[in-house]
There are 2 protein chains.
Amino acid sequence: MRQACLFACKKDAMTPEEFRKAAHELVDWVADYREKVASLPVRSQVAPGQVAGALPVEAPNAPEPLEALVADLDKIVVPGLTHFQHPRNFAWFPANASLASVLGDIVAAGLGVVGLTWQSAPALTEVEQVVCGWTRRLCGLSDMWNGTILDGASTSCMVALLVARERATGGSQRRGGLQAEESPLTVYCSADAHACVTKAALLAGFGADNLRPVPVRRSSRAMDVVALASLMATDVAAGRRPVAVVATAGTTATTAFDPLADVCEAARRHGAFVHVDAALAGSAMLLPECRHLFDGIEGADSLCWNPHKWLGSVLETSLFYVKDPASLVSVMATDPSYLRSAVDGSVVQYRDWGLPLGRRFRALKLWFLLRLEGTEAIRARLRRDIANAQRLASLVGQAPGWEVLTPVPLQTVCVRHIPLGSSLTAEALDRHTLAWCETVNASGLAHLTPALLDDRWMVRISIGAEPTEWADVETLWELMQEKARALG
Amino acid sequence: MRQACLFACKKDAMTPEEFRKAAHELVDWVADYREKVASLPVRSQVAPGQVAGALPVEAPNAPEPLEALVADLDKIVVPGLTHFQHPRNFAWFPANASLASVLGDIVAAGLGVVGLTWQSAPALTEVEQVVCGWTRRLCGLSDMWNGTILDGASTSCMVALLVARERATGGSQRRGGLQAEESPLTVYCSADAHACVTKAALLAGFGADNLRPVPVRRSSRAMDVVALASLMATDVAAGRRPVAVVATAGTTATTAFDPLADVCEAARRHGAFVHVDAALAGSAMLLPECRHLFDGIEGADSLCWNPHKWLGSVLETSLFYVKDPASLVSVMATDPSYLRSAVDGSVVQYRDWGLPLGRRFRALKLWFLLRLEGTEAIRARLRRDIANAQRLASLVGQAPGWEVLTPVPLQTVCVRHIPLGSSLTAEALDRHTLAWCETVNASGLAHLTPALLDDRWMVRISIGAEPTEWADVETLWELMQEKARALG
């Protein structure tokens, strides 16, 4: 007993009562932040090292009061952030963390459960199954699809390519691995596909020499399926094996849609796996009038879309659907003794549907979003954003010196400004494009992302932050004109 | 203008004021949950399909009130959970979601920022750098280590093996990939290593034939380094290339520690990469008296430990440290135009330190934990758990019919009960072991995990849930004896 007394210690961890008080303060802080976010500079104005330099290099021995944390949030953290929830955030993609979804994430963190097996958190698994069913139906997808929630589209793409690799090799990983394969396996994607496709293909071991960026059609920026078929035929003739095509529904730069039906048909001829990356655009499947953009998706083997983008779910909510869960599980499954339970075989084990073992209760943030907002309101918001993009495209298209460069199927408008009366070289035009975009961003009034289109810079206006109304787009448009004119 | 009016819609998303009210209700709900969790059955008592069956198959069109969500949480979700935050949760591993850490996660969700690049969220990147520095110092690790936060140990192991693969092949992914390599690459780990090591090796393309489970010493359960050296020599003699050794500091089944110094030395002879998986046990590096268990860790190339286990950070907080960030970045980096910014080259881009592109503000939950608890209180809690484990081991070891099967370096006690006077076959003893463990778990009063040790079942008692005091361990021990006696 003496030993026990020596070692026994007062548990100093925060009690539920202390949490209650502190959490009330912090949710007020969050609400205050969201109320004032429109008044902050969209892009952070701190210099590299400024945030780190303001913090001590060692953790404190003694507890600090909540006030110290809140003061640092106000003085150091918030000025060090680029605000994705700002109404004039038009950069990268809308990454809406709707407040209804934040509520679900609070519950997930508070419950502190861990999905290791079905048994370790049955409701975590089954609410995820149910919510993946909800989103499948909302998207008009058939019941051939079975879903799970992964962290993001990069991971989804990697998982898809690993499944494709193993399908093509009859399970090489159970034998000598990819390194023992004889004829090279090849992978295809649009030249405009997201960088994560290349990353996933390289990490899966295919090698850059065996990744084929397929040219896109100049007008639509969609994958040229004739070129795809030709590349595949050339590879086969050379003794290579086409194993996977990643088609993009809504590319990052221009929201172009690869022709899914044709891609699937071309892939099928060689038994290649088709993964559809609809990370941003997937939300548009909720709108019947947009479904035609996804025609042919039922022919794919897997697909990914991220409700943590436009739809409004807090990161990380990336839906990953497969037609054949058994083949996914055969690649990902482990069965150590410490994870077995009496119900094995009769339940879904989501650890076998992706890379990590343990998982948070991720479904709650999507469940809360869909239930507290209701799908009609979400659809109305998506339609608002598409209409705002159309309206902006129309204004830009009519303005002297401005060009809308690509079709606007959804909420992204790709533009360039060519100073009137000038005959700039391509390089000078690039400099002008980057310059006016930077002056808009530096103003803090709005935030845009430049990107390359056929190796020349343009500017993407990605509309769809949750609070973005037409007035915000109008303010942006005025700002763009003012800044470009001043430089032109 | 007509078009705009037609499409314009009322934004129905939750306002900050509505959030404020709802979030106050939910943090009270979380506090209430934590207050009552000790009174709930530890292991969920629902049957497969019960949770899913209680929920509608379609998402609602119209918004639902918060009360409907809360009612479902109470009636459907909570009974469907196995409670990791329960004081008598001794299953798998302590997965403490300390309330101080929950606060940080609330802020992370509320801010809704996205780490795509340094520029997209400077404070997200720099607080992560700072906190990874804090934990490095707390662990007594040298400043040769550079850290980031990944989702879990499975991913960390996979990233490590990918870096090892590319280091050994001089960057095969930039050429023909792993499939173009001539002599097979081989990977080594303890036979007692976590299942995620096998999974990572297979997904990285090495193949099961090239993964070498190294025997463990019977008494310590630590990797037999003589066997490791011999396996490597045999592989080299046969024209194979040893590329990586995964050493475990604290195995899942028994918290055994591979001899890191010897492993690193053996690996170095063949130029193999060493990754240390200290997922659970890493927290013990905070205790100077436990550091000897990690002797030699400085010789490794990468290491992982999960503050979302014993330390108390909310999932997903897996620290991943590397000695040579440049080699990590060379394997993981992408550079699409839409992610470039003026500060590139002078800042850390965490997207190039792992698999996903976007990241949550993960560092906040660890930052809040360390600051609001203070490191002395955390150390005291870890010491309490180790002392409780030693005390239990001593009681079990003295009890007739009971055996402590392996050393107890930390907080896990591995036991078996052999009914007195019986001479059971190994199979009958297995059945008895699983039976008494199941009756304990079915009681809802405590939760334990059975696991195989040399192909025979034993029961792990993993002590260290944040609220677990000696009285809880004592209750468990009485329960074990009662149930085992009843069956014996």
# chains A, B, ... in the order shown; residues from 1 in each chain; ligands from 1
>>> select_by_dssp(residues="range 179-226 of chain A", states="strand (DSSP E or B)", output="list in words")
Leu185, Thr186, Val187, Tyr188, Cys189, Ser190, Leu211, Arg212, Pro213, Val214, Val216 and Met223 of chain A
>>> closest_atom_pairs(of="range 218-292 of chain A", to="range 435-458 of chain A", cutoff="12 Å", atoms="only C-alpha atoms", output="Markdown table")
| residue | atom | partner | partner_atom | distance |
| --- | --- | --- | --- | --- |
| A:Arg218 | CA | A:Asp454 | CA | 9.1 |
| A:Ser219 | CA | A:Asp454 | CA | 11.8 |
| A:Arg221 | CA | A:Leu453 | CA | 9.5 |
| A:Thr251 | CA | A:Leu453 | CA | 11.8 |
| A:Thr252 | CA | A:Ala451 | CA | 9.4 |
| A:Ala253 | CA | A:Ala451 | CA | 6.5 |
| A:Thr254 | CA | A:Leu453 | CA | 8.8 |
>>> write_last_selection(atoms="N, CA, C and O atoms", output="PDB file, in the first residue's frame")
ATOM      1  N   ARG A 218      -9.257  21.791 -76.491  1.00  0.00           N
ATOM      2  CA  ARG A 218      -8.939  23.178 -76.216  1.00  0.00           C
ATOM      3  C   ARG A 218     -10.160  23.976 -75.732  1.00  0.00           C
ATOM      4  O   ARG A 218     -10.050  24.789 -74.819  1.00  0.00           O
ATOM      5  N   SER A 219     -11.295  23.729 -76.339  1.00  0.00           N
ATOM      6  CA  SER A 219     -12.471  24.530 -75.985  1.00  0.00           C
ATOM      7  C   SER A 219     -13.050  24.117 -74.640  1.00  0.00           C
ATOM      8  O   SER A 219     -13.285  24.951 -73.763  1.00  0.00           O
ATOM      9  N   ARG A 221     -11.706  21.930 -72.346  1.00  0.00           N
ATOM     10  CA  ARG A 221     -10.693  21.500 -71.366  1.00  0.00           C
ATOM     11  C   ARG A 221     -10.993  20.095 -70.839  1.00  0.00           C
ATOM     12  O   ARG A 221     -10.471  19.700 -69.782  1.00  0.00           O
ATOM     13  N   THR A 251     -12.479  19.900 -63.085  1.00  0.00           N
ATOM     14  CA  THR A 251     -11.047  20.040 -62.808  1.00  0.00           C
ATOM     15  C   THR A 251     -10.786  21.245 -61.902  1.00  0.00           C
ATOM     16  O   THR A 251     -11.600  22.161 -61.810  1.00  0.00           O
ATOM     17  N   THR A 252      -9.638  21.217 -61.262  1.00  0.00           N
ATOM     18  CA  THR A 252      -9.311  22.272 -60.308  1.00  0.00           C
ATOM     19  C   THR A 252      -9.186  23.629 -60.981  1.00  0.00           C
ATOM     20  O   THR A 252      -9.708  24.632 -60.484  1.00  0.00           O
ATOM     21  N   ALA A 253      -8.518  23.679 -62.108  1.00  0.00           N
ATOM     22  CA  ALA A 253      -8.273  24.971 -62.735  1.00  0.00           C
ATOM     23  C   ALA A 253      -9.547  25.567 -63.319  1.00  0.00           C
ATOM     24  O   ALA A 253      -9.812  26.754 -63.141  1.00  0.00           O
ATOM     25  N   THR A 254     -10.351  24.740 -64.003  1.00  0.00           N
ATOM     26  CA  THR A 254     -11.458  25.317 -64.791  1.00  0.00           C
ATOM     27  C   THR A 254     -12.812  24.634 -64.592  1.00  0.00           C
ATOM     28  O   THR A 254     -13.762  24.971 -65.291  1.00  0.00           O
TER      29      THR A 254
END
>>> closest_residue(among="B:Glu182, B:Pro56, B:Ala426, B:Val107", to="Gly133 in chain A", atoms="only C-alpha atoms")
B:Pro56
>>> residues_around(residues="Leu293 in chain A", least_positions_apart="6", cutoff="12 Å", atoms="only C-alpha atoms", output="list in words")
Ala222, Thr248, Ala249, Gly250, Thr255, Ala256, Phe257, Asp258, Pro259, Leu260, Ala261, Ala278, Ala281, Gly282, Ser283, Ala284, Met285, Leu286, Leu287, Val408, Pro409 and Leu410 of chain A
>>> atom_distance(atom1="CA of Arg241 in chain B", atom2="CA of Arg165 in chain B")
10.5 Å
>>> select_by_dssp(residues="range 260-485 of chain B", states="helix (DSSP H, G or I)", output="ChimeraX atom specification")
/B:260-268,281-286,288-294,297-299,325-332,337-339,350-353,363-373,375-398,426-443,470-485
>>> residues_around(residues="Gly53 in chain B", least_positions_apart="5", cutoff="10 Å", atoms="only C-alpha atoms", output="list in words")
Glu126, Val127 and Val130 of chain A; Pro48 and Ile76 of chain B
>>> write_last_selection(atoms="all heavy atoms", output="short mmCIF file (atom, residue, chain, number, x, y, z; two decimals), in the first residue's frame")
data_model
loop_
_atom_site.label_atom_id
_atom_site.label_comp_id
_atom_site.auth_asym_id
_atom_site.auth_seq_id
_atom_site.Cartn_x
_atom_site.Cartn_y
_atom_site.Cartn_z
N GLU A 126 -22.25 2.81 -38.27
CA GLU A 126 -23.58 2.73 -38.90
C GLU A 126 -24.12 4.10 -39.29
O GLU A 126 -24.81 4.22 -40.30
CB GLU A 126 -24.54 1.94 -38.00
CG GLU A 126 -24.04 0.49 -37.85
CD GLU A 126 -25.09 -0.49 -37.33
OE1 GLU A 126 -26.27 -0.11 -37.21
OE2 GLU A 126 -24.70 -1.64 -37.05
N VAL A 127 -23.83 5.15 -38.52
CA VAL A 127 -24.24 6.49 -38.96
C VAL A 127 -23.47 6.85 -40.24
O VAL A 127 -24.02 7.45 -41.17
CB VAL A 127 -24.03 7.56 -37.86
CG1 VAL A 127 -24.33 8.96 -38.40
CG2 VAL A 127 -24.91 7.28 -36.66
N VAL A 130 -25.23 5.10 -43.04
CA VAL A 130 -26.51 5.74 -43.33
C VAL A 130 -26.29 7.06 -44.08
O VAL A 130 -26.94 7.33 -45.10
CB VAL A 130 -27.31 5.99 -42.03
CG1 VAL A 130 -28.47 6.94 -42.27
CG2 VAL A 130 -27.80 4.66 -41.47
N PRO B 48 -25.64 -5.65 -34.45
CA PRO B 48 -25.37 -5.14 -35.80
C PRO B 48 -26.66 -4.70 -36.49
O PRO B 48 -27.67 -5.41 -36.44
CB PRO B 48 -24.74 -6.35 -36.51
CG PRO B 48 -24.05 -7.09 -35.42
CD PRO B 48 -24.96 -6.94 -34.21
N ILE B 76 -30.13 6.88 -29.82
CA ILE B 76 -29.57 5.96 -30.82
C ILE B 76 -28.04 5.94 -30.78
O ILE B 76 -27.43 4.88 -30.78
CB ILE B 76 -30.05 6.37 -32.24
CG1 ILE B 76 -31.59 6.33 -32.29
CG2 ILE B 76 -29.44 5.46 -33.30
CD1 ILE B 76 -32.17 6.97 -33.53
#
>>> residues_around(residues="Lys323 in chain A", least_positions_apart="6", cutoff="6 Å", atoms="only C-alpha atoms", output="ChimeraX atom specification")
/A:144-145,301
>>> write_last_selection(atoms="C-alpha atoms", output="PDB file, in the first residue's frame")
ATOM      1  CA  MET A 144     -24.539  -0.232 -56.783  1.00  0.00           C
ATOM      2  CA  TRP A 145     -22.381   2.254 -54.861  1.00  0.00           C
ATOM      3  CA  ASP A 301     -15.450   1.658 -60.456  1.00  0.00           C
TER       4      ASP A 301
END
>>> decode(residues="range 12-40 of chain A", atoms="C-alpha atoms", output="mmCIF file, in the first residue's frame")
data_model
loop_
_atom_site.group_PDB
_atom_site.id
_atom_site.type_symbol
_atom_site.label_atom_id
_atom_site.label_comp_id
_atom_site.auth_asym_id
_atom_site.auth_seq_id
_atom_site.Cartn_x
_atom_site.Cartn_y
_atom_site.Cartn_z
ATOM 1 C CA ASP A 12 -5.448 17.327 -12.709
ATOM 2 C CA ALA A 13 -7.235 16.897 -16.011
ATOM 3 C CA MET A 14 -9.988 19.325 -16.887
ATOM 4 C CA THR A 15 -13.316 18.323 -15.330
ATOM 5 C CA PRO A 16 -16.635 18.375 -17.196
ATOM 6 C CA GLU A 17 -17.651 21.410 -15.102
ATOM 7 C CA GLU A 18 -14.491 23.307 -16.039
ATOM 8 C CA PHE A 19 -15.019 22.280 -19.648
ATOM 9 C CA ARG A 20 -18.597 23.517 -19.606
ATOM 10 C CA LYS A 21 -17.477 26.988 -18.596
ATOM 11 C CA ALA A 22 -14.528 27.147 -20.973
ATOM 12 C CA ALA A 23 -16.464 25.706 -23.898
ATOM 13 C CA HIS A 24 -19.229 28.286 -23.485
ATOM 14 C CA GLU A 25 -16.580 30.977 -23.765
ATOM 15 C CA LEU A 26 -15.040 29.403 -26.815
ATOM 16 C CA VAL A 27 -18.247 28.853 -28.749
ATOM 17 C CA ASP A 28 -19.015 32.509 -28.145
ATOM 18 C CA TRP A 29 -15.539 33.259 -29.450
ATOM 19 C CA VAL A 30 -16.267 31.173 -32.547
ATOM 20 C CA ALA A 31 -19.623 32.899 -33.096
ATOM 21 C CA ASP A 32 -17.944 36.299 -32.681
ATOM 22 C CA TYR A 33 -15.261 35.260 -35.185
ATOM 23 C CA ARG A 34 -17.849 34.265 -37.757
ATOM 24 C CA GLU A 35 -19.742 37.519 -37.186
ATOM 25 C CA LYS A 36 -16.693 39.667 -37.788
ATOM 26 C CA VAL A 37 -14.880 37.586 -40.401
ATOM 27 C CA ALA A 38 -16.163 39.749 -43.278
ATOM 28 C CA SER A 39 -14.305 42.712 -41.788
ATOM 29 C CA LEU A 40 -10.918 40.937 -41.732
#
